[in-house]
$ cat my_file_19.pdb   # PDB, C-alpha atoms
MODEL        1
ATOM      1  CA  LEU A   1     -54.947  56.333 -73.300
ATOM      2  CA  ARG A   2     -53.167  59.570 -72.372
ATOM      3  CA  TYR A   3     -52.781  60.866 -68.812
ATOM      4  CA  MET A   4     -51.532  64.330 -67.853
ATOM      5  CA  PRO A   5     -50.301  65.036 -64.300
ATOM      6  CA  PHE A   6     -51.047  68.785 -64.079
ATOM      7  CA  GLY A   7     -50.124  71.131 -61.269
ATOM      8  CA  ASP A   8     -47.375  73.081 -59.561
ATOM      9  CA  SER A   9     -44.120  71.963 -57.893
ATOM     10  CA  ILE A  10     -45.971  69.219 -55.982
ATOM     11  CA  THR A  11     -46.508  67.674 -59.413
ATOM     12  CA  GLU A  12     -43.130  68.627 -60.882
ATOM     13  CA  ILE A  13     -40.286  68.243 -58.370
ATOM     14  CA  ILE A  14     -41.430  65.188 -56.418
ATOM     15  CA  CYS A  15     -41.282  61.385 -56.676
ATOM     16  CA  TRP A  16     -44.934  60.335 -56.277
ATOM     17  CA  ARG A  17     -45.187  60.148 -60.083
ATOM     18  CA  ALA A  18     -42.377  57.575 -60.220
ATOM     19  CA  LEU A  19     -43.967  55.517 -57.433
ATOM     20  CA  LEU A  20     -47.396  55.701 -59.052
ATOM     21  CA  TRP A  21     -46.040  54.662 -62.455
ATOM     22  CA  GLU A  22     -44.272  51.697 -60.832
ATOM     23  CA  ASP A  23     -47.474  50.727 -58.974
ATOM     24  CA  LEU A  24     -49.440  50.779 -62.240
ATOM     25  CA  GLN A  25     -47.029  48.373 -63.939
ATOM     26  CA  SER A  26     -48.785  45.421 -62.287
ATOM     27  CA  THR A  27     -52.190  46.552 -63.602
ATOM     28  CA  GLU A  28     -53.885  46.613 -66.989
ATOM     29  CA  TRP A  29     -52.969  50.322 -67.155
ATOM     30  CA  LYS A  30     -49.198  49.851 -67.445
ATOM     31  CA  SER A  31     -49.168  51.124 -71.048
ATOM     32  CA  VAL A  32     -50.978  54.417 -70.353
ATOM     33  CA  ASP A  33     -49.017  57.240 -71.996
ATOM     34  CA  TRP A  34     -48.148  59.971 -69.498
ATOM     35  CA  VAL A  35     -48.077  63.338 -71.286
ATOM     36  CA  GLY A  36     -46.872  66.882 -70.670
ATOM     37  CA  SER A  37     -44.163  69.320 -71.686
ATOM     38  CA  GLY A  38     -41.853  68.644 -68.727
ATOM     39  CA  LYS A  39     -39.758  65.769 -67.406
ATOM     40  CA  THR A  40     -38.438  67.321 -64.162
ATOM     41  CA  GLU A  41     -38.495  65.328 -60.918
ATOM     42  CA  ASN A  42     -36.670  65.141 -57.573
ATOM     43  CA  ASN A  43     -33.775  62.721 -58.182
ATOM     44  CA  CYS A  44     -36.109  59.754 -57.815
ATOM     45  CA  LYS A  45     -33.479  57.209 -58.899
ATOM     46  CA  ASP A  46     -35.919  55.580 -61.321
ATOM     47  CA  THR A  47     -34.778  55.555 -64.937
ATOM     48  CA  LYS A  48     -37.721  53.552 -66.262
ATOM     49  CA  TYR A  49     -40.820  55.580 -65.524
ATOM     50  CA  ASP A  50     -42.612  57.939 -67.917
ATOM     51  CA  ARG A  51     -41.561  61.362 -66.646
ATOM     52  CA  ASP A  52     -43.864  63.447 -68.865
ATOM     53  CA  ASN A  53     -45.909  65.886 -66.789
ATOM     54  CA  GLU A  54     -47.373  69.390 -66.808
ATOM     55  CA  GLY A  55     -46.077  70.470 -63.410
ATOM     56  CA  HIS A  56     -44.873  74.065 -63.123
ATOM     57  CA  SER A  57     -43.119  75.111 -59.921
ATOM     58  CA  GLY A  58     -44.349  78.382 -58.466
ATOM     59  CA  PHE A  59     -47.301  78.724 -60.849
ATOM     60  CA  LEU A  60     -50.673  79.981 -59.583
ATOM     61  CA  ALA A  61     -53.982  78.448 -60.693
ATOM     62  CA  ILE A  62     -55.322  81.971 -61.213
ATOM     63  CA  ASN A  63     -52.454  82.915 -63.524
ATOM     64  CA  ILE A  64     -52.608  79.665 -65.511
ATOM     65  CA  ALA A  65     -56.331  80.292 -66.051
ATOM     66  CA  ASN A  66     -56.057  84.011 -66.844
ATOM     67  CA  ASN A  67     -53.103  83.537 -69.190
ATOM     68  CA  LYS A  68     -54.767  80.577 -70.925
ATOM     69  CA  GLN A  69     -51.600  78.508 -70.512
ATOM     70  CA  LEU A  70     -53.408  75.178 -70.195
ATOM     71  CA  VAL A  71     -54.930  75.754 -73.644
ATOM     72  CA  GLY A  72     -51.516  75.516 -75.295
ATOM     73  CA  TRP A  73     -50.297  72.722 -73.049
ATOM     74  CA  LEU A  74     -53.281  70.543 -73.987
ATOM     75  CA  GLN A  75     -52.947  71.429 -77.678
ATOM     76  CA  LYS A  76     -49.354  70.135 -77.624
ATOM     77  CA  ASN A  77     -50.129  67.153 -75.359
ATOM     78  CA  PRO A  78     -53.790  66.112 -75.571
ATOM     79  CA  ALA A  79     -55.053  63.990 -72.683
ATOM     80  CA  ASP A  80     -57.930  61.680 -71.810
ATOM     81  CA  VAL A  81     -57.359  61.803 -68.048
ATOM     82  CA  ILE A  82     -55.918  64.683 -66.049
ATOM     83  CA  THR A  83     -55.037  65.122 -62.394
ATOM     84  CA  MET A  84     -54.977  68.684 -61.069
ATOM     85  CA  HIS A  85     -53.075  69.696 -57.956
ATOM     86  CA  LEU A  86     -53.107  73.503 -57.746
ATOM     87  CA  GLY A  87     -53.973  76.298 -55.328
ATOM     88  CA  THR A  88     -51.146  76.161 -52.798
ATOM     89  CA  ASN A  89     -49.139  78.890 -54.528
ATOM     90  CA  ASP A  90     -52.198  81.109 -54.883
ATOM     91  CA  ILE A  91     -52.507  81.041 -51.083
ATOM     92  CA  VAL A  92     -48.840  81.004 -50.038
ATOM     93  CA  GLN A  93     -47.482  83.535 -52.531
ATOM     94  CA  GLN A  94     -50.349  85.980 -52.920
ATOM     95  CA  SER A  95     -53.029  85.183 -50.295
ATOM     96  CA  LYS A  96     -55.643  84.857 -53.034
ATOM     97  CA  PRO A  97     -59.174  84.345 -51.686
ATOM     98  CA  THR A  98     -60.874  80.972 -52.045
ATOM     99  CA  ASP A  99     -63.562  82.237 -54.432
ATOM    100  CA  GLN A 100     -60.952  83.488 -56.917
ATOM    101  CA  ILE A 101     -59.086  80.164 -56.832
ATOM    102  CA  ILE A 102     -62.331  78.234 -57.350
ATOM    103  CA  ALA A 103     -63.203  80.519 -60.283
ATOM    104  CA  ALA A 104     -59.797  79.708 -61.800
ATOM    105  CA  PHE A 105     -60.484  75.990 -61.309
ATOM    106  CA  THR A 106     -63.791  76.437 -63.184
ATOM    107  CA  THR A 107     -61.952  78.085 -66.080
ATOM    108  CA  LEU A 108     -59.361  75.296 -66.134
ATOM    109  CA  VAL A 109     -62.034  72.570 -66.184
ATOM    110  CA  GLY A 110     -63.645  74.398 -69.106
ATOM    111  CA  VAL A 111     -60.314  74.344 -70.956
ATOM    112  CA  MET A 112     -59.932  70.623 -70.242
ATOM    113  CA  ARG A 113     -63.399  69.901 -71.624
ATOM    114  CA  ASP A 114     -62.872  72.133 -74.663
ATOM    115  CA  SER A 115     -59.772  70.037 -75.382
ATOM    116  CA  ASN A 116     -61.604  66.743 -74.801
ATOM    117  CA  PRO A 117     -65.369  66.704 -74.042
ATOM    118  CA  LYS A 118     -64.883  63.279 -72.395
ATOM    119  CA  MET A 119     -61.948  64.340 -70.200
ATOM    120  CA  LYS A 120     -61.808  62.437 -66.920
ATOM    121  CA  ILE A 121     -60.693  64.827 -64.173
ATOM    122  CA  VAL A 122     -59.228  63.964 -60.770
ATOM    123  CA  ILE A 123     -58.741  66.889 -58.381
ATOM    124  CA  ILE A 124     -56.813  66.790 -55.188
ATOM    125  CA  PRO A 125     -57.355  69.079 -52.218
ATOM    126  CA  MET A 126     -54.153  70.519 -50.842
ATOM    127  CA  GLY A 127     -52.073  69.048 -48.052
ATOM    128  CA  THR A 128     -51.005  70.687 -44.840
ATOM    129  CA  GLY A 129     -48.387  73.256 -43.894
ATOM    130  CA  SER A 130     -47.934  76.692 -42.406
ATOM    131  CA  TYR A 131     -50.955  78.070 -44.289
ATOM    132  CA  ASN A 132     -53.182  75.242 -43.097
ATOM    133  CA  SER A 133     -56.333  77.227 -42.210
ATOM    134  CA  LYS A 134     -56.523  78.962 -45.599
ATOM    135  CA  ILE A 135     -55.715  75.709 -47.382
ATOM    136  CA  GLN A 136     -58.536  73.990 -45.484
ATOM    137  CA  ASP A 137     -60.941  76.747 -46.529
ATOM    138  CA  LEU A 138     -60.060  75.936 -50.131
ATOM    139  CA  ASN A 139     -60.387  72.195 -49.505
ATOM    140  CA  LYS A 140     -63.900  72.690 -48.085
ATOM    141  CA  ALA A 141     -64.924  74.661 -51.168
ATOM    142  CA  ILE A 142     -63.597  72.084 -53.641
ATOM    143  CA  ILE A 143     -66.159  69.358 -52.825
ATOM    144  CA  PRO A 144     -69.379  71.317 -53.573
ATOM    145  CA  TRP A 145     -67.689  73.008 -56.541
ATOM    146  CA  ALA A 146     -66.692  69.651 -58.066
ATOM    147  CA  THR A 147     -70.148  68.193 -57.412
ATOM    148  CA  LYS A 148     -71.743  71.105 -59.261
ATOM    149  CA  LEU A 149     -69.438  70.757 -62.293
ATOM    150  CA  ASN A 150     -69.495  66.954 -62.408
ATOM    151  CA  SER A 151     -71.018  65.393 -65.525
ATOM    152  CA  THR A 152     -71.542  61.903 -66.919
ATOM    153  CA  ALA A 153     -69.468  62.611 -70.032
ATOM    154  CA  SER A 154     -66.634  64.308 -68.141
ATOM    155  CA  PRO A 155     -66.675  63.217 -64.502
ATOM    156  CA  ILE A 156     -64.745  64.946 -61.751
ATOM    157  CA  TRP A 157     -63.427  62.989 -58.781
ATOM    158  CA  VAL A 158     -61.993  64.619 -55.665
ATOM    159  CA  VAL A 159     -59.378  62.649 -53.766
ATOM    160  CA  ASP A 160     -58.323  63.341 -50.200
ATOM    161  CA  GLN A 161     -54.594  63.882 -49.805
ATOM    162  CA  TYR A 162     -55.097  65.664 -46.478
ATOM    163  CA  THR A 163     -56.341  62.930 -44.151
ATOM    164  CA  GLY A 164     -53.428  60.941 -42.760
ATOM    165  CA  PHE A 165     -50.831  63.330 -44.183
ATOM    166  CA  SER A 166     -48.477  64.874 -41.639
ATOM    167  CA  GLY A 167     -47.121  68.387 -42.096
ATOM    168  CA  SER A 168     -44.179  67.525 -39.871
ATOM    169  CA  SER A 169     -43.182  64.025 -40.997
ATOM    170  CA  ASP A 170     -44.372  63.849 -44.633
ATOM    171  CA  LEU A 171     -42.916  67.117 -45.977
ATOM    172  CA  ARG A 172     -39.241  67.768 -46.661
ATOM    173  CA  ASP A 173     -39.455  71.565 -46.470
ATOM    174  CA  GLY A 174     -42.905  72.416 -45.116
ATOM    175  CA  VAL A 175     -44.424  72.295 -48.635
ATOM    176  CA  HIS A 176     -43.114  69.411 -50.776
ATOM    177  CA  PRO A 177     -43.485  65.722 -49.912
ATOM    178  CA  ASN A 178     -40.506  63.712 -48.719
ATOM    179  CA  ALA A 179     -40.170  59.949 -49.327
ATOM    180  CA  SER A 180     -42.994  59.029 -46.936
ATOM    181  CA  GLY A 181     -45.176  61.833 -48.336
ATOM    182  CA  ASP A 182     -44.550  60.650 -51.897
ATOM    183  CA  LYS A 183     -45.627  57.126 -50.899
ATOM    184  CA  LYS A 184     -48.828  58.417 -49.299
ATOM    185  CA  MET A 185     -49.642  60.585 -52.319
ATOM    186  CA  ALA A 186     -49.062  57.740 -54.788
ATOM    187  CA  ALA A 187     -51.264  55.433 -52.690
ATOM    188  CA  VAL A 188     -54.140  57.937 -52.806
ATOM    189  CA  TRP A 189     -53.743  58.760 -56.490
ATOM    190  CA  LYS A 190     -53.645  55.118 -57.627
ATOM    191  CA  PRO A 191     -57.261  53.986 -56.990
ATOM    192  CA  ALA A 192     -58.639  57.305 -58.227
ATOM    193  CA  LEU A 193     -56.633  57.088 -61.451
ATOM    194  CA  ILE A 194     -57.519  53.443 -62.049
ATOM    195  CA  HIS A 195     -61.179  54.407 -61.630
ATOM    196  CA  ALA A 196     -60.754  57.256 -64.120
ATOM    197  CA  PHE A 197     -58.891  55.068 -66.646
TER     198      PHE A 197
ENDMDL
END

$ encode --input "my_file_19.pdb" --output "structure tokens"
Amino acid sequence: LRYMPFGDSITEIICWRALLWEDLQSTEWKSVDWVGSGKTENNCKDTKYDRDNEGHSGFLAINIANNKQLVGWLQKNPADVITMHLGTNDIVQQSKPTDQIIAAFTTLVGVMRDSNPKMKIVIIPMGTGSYNSKIQDLNKAIIPWATKLNSTASPIWVVDQYTGFSGSSDLRDGVHPNASGDKKMAAVWKPALIHAF
């Protein structure tokens, strides 16, 4: 079973992946192969965990979709389960409107399913920060969008990383999770991933 953590810097330069991998070691899913072209993290002090991921700091969902980058990433590292955490950069860097970000998400889900018609997809609404109102507009649009695209063969689950997450105490720089934020993210990812596995 192959799992790809896919997203931007909140997937790449963080430690929730290390915590999640450690949490899965006590489950039947400890041998899941994490895949992706990168191994970057945030000095997590864990030499054991599978660092493979497809996190790309600064990347926009719209650009990944338009440039067909996920096509190549999935050709090199096929997956059965994928988590997608994107959209923050589209808002923060370029103030992209919600409908354009959702359209990019639709394209990306199509790429995932072209790669694997039985792809299990877990999507995470964004956290909090200085662009909170625009991020919440995107979060509100994700639920009906995911419901519409959901299928039996390739289900989409939306997990809530917003509720209980503090923009002041769980972020190290106003955007990326600190140690407590990483713990909260790993705790939310774990049941969703186990369900998808």

$ residues_around --input "my_file_19.pdb" --residues "range 60-70 of chain A" --least-positions-apart "6" --cutoff "6 Å" --atoms "only C-alpha atoms" --output "CSV table (one decimal) with C-alpha atoms, in the frame of the given file"
chain,number,residue,atom,x,y,z
A,86,LEU,CA,-53.1,73.5,-57.7
A,87,GLY,CA,-54.0,76.3,-55.3
A,89,ASN,CA,-49.1,78.9,-54.5
A,90,ASP,CA,-52.2,81.1,-54.9
A,104,ALA,CA,-59.8,79.7,-61.8
A,108,LEU,CA,-59.4,75.3,-66.1

$ closest_residue --input "my_file_19.pdb" --among "A:Phe197, A:Lys96, A:Ile121, A:Ala103" --to "Ser31 in chain A" --atoms "all atoms listed in the file"
A:Phe197

$ resolve_selection --input "my_file_19.pdb" --expression "the PyMOL selection byres ((chain A and resi 76-79) around 10)" --output "PyMOL selection string"
chain A and resi 1-5+33-37+52-54+70-75+80-82+112+115-116+118-120

$ closest_residue --input "my_file_19.pdb" --among "A:Val159, A:Ala192, A:Ala146, A:Ala186" --to "Ile14 in chain A" --atoms "all atoms listed in the file"
A:Ala186

$ closest_residue --input "my_file_19.pdb" --among "A:Lys183, A:Leu19, A:Val158, A:Thr106" --to "Asp170 in chain A" --atoms "only C-alpha atoms"
A:Lys183

$ closest_residue --input "my_file_19.pdb" --among "A:Ala153, A:Ile143, A:Val175, A:Ile101" --to "Ser57 in chain A" --atoms "only C-alpha atoms"
A:Val175

$ resolve_selection --input "my_file_19.pdb" --expression "the PyMOL selection byres ((chain A and resi 24) around 12)" --output "PyMOL selection string"
chain A and resi 17-23+25-34+49-50+186-187+189-194+197

$ resolve_selection --input "my_file_19.pdb" --expression "the PyMOL selection byres ((chain A and resi 168) around 12)" --output "PyMOL selection string"
chain A and resi 127-130+164-167+169-178+180-181

$ axis_aligned_box --input "my_file_19.pdb" --around "range 17-27 of chain A" --padding-each-side "5 Å" --output "lines of an AutoDock Vina configuration file"
center_x = -47.3
center_y = 52.8
center_z = -60.7
size_x = 19.8
size_y = 24.7
size_z = 16.5

$ closest_residue --input "my_file_19.pdb" --among "A:Thr163, A:Asn139, A:Asn42, A:Thr11" --to "Val188 in chain A" --atoms "all atoms listed in the file"
A:Thr163

$ atom_distance --input "my_file_19.pdb" --atom1 "CA of Ile10 in chain A" --atom2 "CA of Thr88 in chain A"
9.2 Å

$ closest_residue --input "my_file_19.pdb" --among "A:Ala179, A:Ala196, A:Leu138, A:Ile123" --to "Thr83 in chain A" --atoms "all atoms listed in the file"
A:Ile123

$ atom_distance --input "my_file_19.pdb" --atom1 "CA of Ser133 in chain A" --atom2 "CA of Glu41 in chain A"
28.5 Å

$ atom_distance --input "my_file_19.pdb" --atom1 "CA of Asp182 in chain A" --atom2 "CA of Trp16 in chain A"
4.4 Å

$ build_atoms --input "my_file_19.pdb" --residues "range 97-108 of chain A" --atoms "all heavy atoms" --output "PDB file, in the coordinates of the input"
ATOM      1  N   PRO A  97     -57.997  84.886 -52.368  1.00  0.00           N
ATOM      2  CA  PRO A  97     -59.174  84.345 -51.686  1.00  0.00           C
ATOM      3  C   PRO A  97     -59.694  83.076 -52.364  1.00  0.00           C
ATOM      4  O   PRO A  97     -59.502  82.878 -53.569  1.00  0.00           O
ATOM      5  CB  PRO A  97     -60.198  85.474 -51.774  1.00  0.00           C
ATOM      6  CG  PRO A  97     -59.752  86.349 -52.893  1.00  0.00           C
ATOM      7  CD  PRO A  97     -58.269  86.178 -53.021  1.00  0.00           C
ATOM      8  N   THR A  98     -60.361  82.259 -51.564  1.00  0.00           N
ATOM      9  CA  THR A  98     -60.874  80.972 -52.045  1.00  0.00           C
ATOM     10  C   THR A  98     -61.744  81.121 -53.280  1.00  0.00           C
ATOM     11  O   THR A  98     -61.616  80.349 -54.236  1.00  0.00           O
ATOM     12  CB  THR A  98     -61.662  80.272 -50.918  1.00  0.00           C
ATOM     13  OG1 THR A  98     -60.757  79.998 -49.840  1.00  0.00           O
ATOM     14  CG2 THR A  98     -62.296  78.985 -51.383  1.00  0.00           C
ATOM     15  N   ASP A  99     -62.635  82.116 -53.301  1.00  0.00           N
ATOM     16  CA  ASP A  99     -63.562  82.237 -54.432  1.00  0.00           C
ATOM     17  C   ASP A  99     -62.829  82.511 -55.743  1.00  0.00           C
ATOM     18  O   ASP A  99     -63.235  82.028 -56.802  1.00  0.00           O
ATOM     19  CB  ASP A  99     -64.641  83.295 -54.167  1.00  0.00           C
ATOM     20  CG  ASP A  99     -64.080  84.697 -53.985  1.00  0.00           C
ATOM     21  OD1 ASP A  99     -62.941  84.844 -53.515  1.00  0.00           O
ATOM     22  OD2 ASP A  99     -64.811  85.658 -54.301  1.00  0.00           O
ATOM     23  N   GLN A 100     -61.716  83.234 -55.694  1.00  0.00           N
ATOM     24  CA  GLN A 100     -60.952  83.488 -56.917  1.00  0.00           C
ATOM     25  C   GLN A 100     -60.231  82.223 -57.390  1.00  0.00           C
ATOM     26  O   GLN A 100     -60.124  81.984 -58.598  1.00  0.00           O
ATOM     27  CB  GLN A 100     -59.935  84.615 -56.689  1.00  0.00           C
ATOM     28  CG  GLN A 100     -60.572  85.981 -56.566  1.00  0.00           C
ATOM     29  CD  GLN A 100     -59.525  87.084 -56.421  1.00  0.00           C
ATOM     30  OE1 GLN A 100     -58.373  86.926 -56.810  1.00  0.00           O
ATOM     31  NE2 GLN A 100     -59.934  88.203 -55.841  1.00  0.00           N
ATOM     32  N   ILE A 101     -59.753  81.420 -56.459  1.00  0.00           N
ATOM     33  CA  ILE A 101     -59.086  80.164 -56.832  1.00  0.00           C
ATOM     34  C   ILE A 101     -60.102  79.194 -57.438  1.00  0.00           C
ATOM     35  O   ILE A 101     -59.840  78.566 -58.470  1.00  0.00           O
ATOM     36  CB  ILE A 101     -58.373  79.534 -55.614  1.00  0.00           C
ATOM     37  CG1 ILE A 101     -57.325  80.504 -55.045  1.00  0.00           C
ATOM     38  CG2 ILE A 101     -57.722  78.209 -55.996  1.00  0.00           C
ATOM     39  CD1 ILE A 101     -56.744  80.082 -53.704  1.00  0.00           C
ATOM     40  N   ILE A 102     -61.277  79.109 -56.826  1.00  0.00           N
ATOM     41  CA  ILE A 102     -62.331  78.234 -57.350  1.00  0.00           C
ATOM     42  C   ILE A 102     -62.769  78.695 -58.744  1.00  0.00           C
ATOM     43  O   ILE A 102     -62.999  77.874 -59.644  1.00  0.00           O
ATOM     44  CB  ILE A 102     -63.526  78.187 -56.369  1.00  0.00           C
ATOM     45  CG1 ILE A 102     -63.132  77.433 -55.092  1.00  0.00           C
ATOM     46  CG2 ILE A 102     -64.749  77.561 -57.028  1.00  0.00           C
ATOM     47  CD1 ILE A 102     -62.900  75.944 -55.251  1.00  0.00           C
ATOM     48  N   ALA A 103     -62.849  80.002 -58.950  1.00  0.00           N
ATOM     49  CA  ALA A 103     -63.203  80.519 -60.283  1.00  0.00           C
ATOM     50  C   ALA A 103     -62.146  80.119 -61.309  1.00  0.00           C
ATOM     51  O   ALA A 103     -62.475  79.760 -62.448  1.00  0.00           O
ATOM     52  CB  ALA A 103     -63.361  82.045 -60.235  1.00  0.00           C
ATOM     53  N   ALA A 104     -60.875  80.154 -60.902  1.00  0.00           N
ATOM     54  CA  ALA A 104     -59.797  79.708 -61.800  1.00  0.00           C
ATOM     55  C   ALA A 104     -59.944  78.224 -62.106  1.00  0.00           C
ATOM     56  O   ALA A 104     -59.766  77.800 -63.257  1.00  0.00           O
ATOM     57  CB  ALA A 104     -58.436  79.997 -61.171  1.00  0.00           C
ATOM     58  N   PHE A 105     -60.265  77.428 -61.092  1.00  0.00           N
ATOM     59  CA  PHE A 105     -60.484  75.990 -61.309  1.00  0.00           C
ATOM     60  C   PHE A 105     -61.604  75.775 -62.341  1.00  0.00           C
ATOM     61  O   PHE A 105     -61.503  74.898 -63.198  1.00  0.00           O
ATOM     62  CB  PHE A 105     -60.858  75.299 -60.000  1.00  0.00           C
ATOM     63  CG  PHE A 105     -59.720  75.088 -59.023  1.00  0.00           C
ATOM     64  CD1 PHE A 105     -58.427  75.496 -59.307  1.00  0.00           C
ATOM     65  CD2 PHE A 105     -59.961  74.478 -57.803  1.00  0.00           C
ATOM     66  CE1 PHE A 105     -57.390  75.292 -58.398  1.00  0.00           C
ATOM     67  CE2 PHE A 105     -58.935  74.261 -56.887  1.00  0.00           C
ATOM     68  CZ  PHE A 105     -57.648  74.680 -57.186  1.00  0.00           C
ATOM     69  N   THR A 106     -62.674  76.554 -62.239  1.00  0.00           N
ATOM     70  CA  THR A 106     -63.791  76.437 -63.184  1.00  0.00           C
ATOM     71  C   THR A 106     -63.311  76.718 -64.605  1.00  0.00           C
ATOM     72  O   THR A 106     -63.648  75.986 -65.545  1.00  0.00           O
ATOM     73  CB  THR A 106     -64.925  77.404 -62.800  1.00  0.00           C
ATOM     74  OG1 THR A 106     -65.370  77.086 -61.473  1.00  0.00           O
ATOM     75  CG2 THR A 106     -66.103  77.295 -63.760  1.00  0.00           C
ATOM     76  N   THR A 107     -62.516  77.764 -64.764  1.00  0.00           N
ATOM     77  CA  THR A 107     -61.952  78.085 -66.080  1.00  0.00           C
ATOM     78  C   THR A 107     -61.095  76.932 -66.591  1.00  0.00           C
ATOM     79  O   THR A 107     -61.195  76.538 -67.763  1.00  0.00           O
ATOM     80  CB  THR A 107     -61.106  79.375 -65.999  1.00  0.00           C
ATOM     81  OG1 THR A 107     -61.954  80.454 -65.597  1.00  0.00           O
ATOM     82  CG2 THR A 107     -60.449  79.703 -67.329  1.00  0.00           C
ATOM     83  N   LEU A 108     -60.254  76.378 -65.724  1.00  0.00           N
ATOM     84  CA  LEU A 108     -59.361  75.296 -66.134  1.00  0.00           C
ATOM     85  C   LEU A 108     -60.134  74.040 -66.538  1.00  0.00           C
ATOM     86  O   LEU A 108     -59.781  73.374 -67.516  1.00  0.00           O
ATOM     87  CB  LEU A 108     -58.355  74.990 -65.018  1.00  0.00           C
ATOM     88  CG  LEU A 108     -57.364  76.127 -64.727  1.00  0.00           C
ATOM     89  CD1 LEU A 108     -56.566  75.833 -63.458  1.00  0.00           C
ATOM     90  CD2 LEU A 108     -56.431  76.367 -65.912  1.00  0.00           C
TER      91      LEU A 108
END
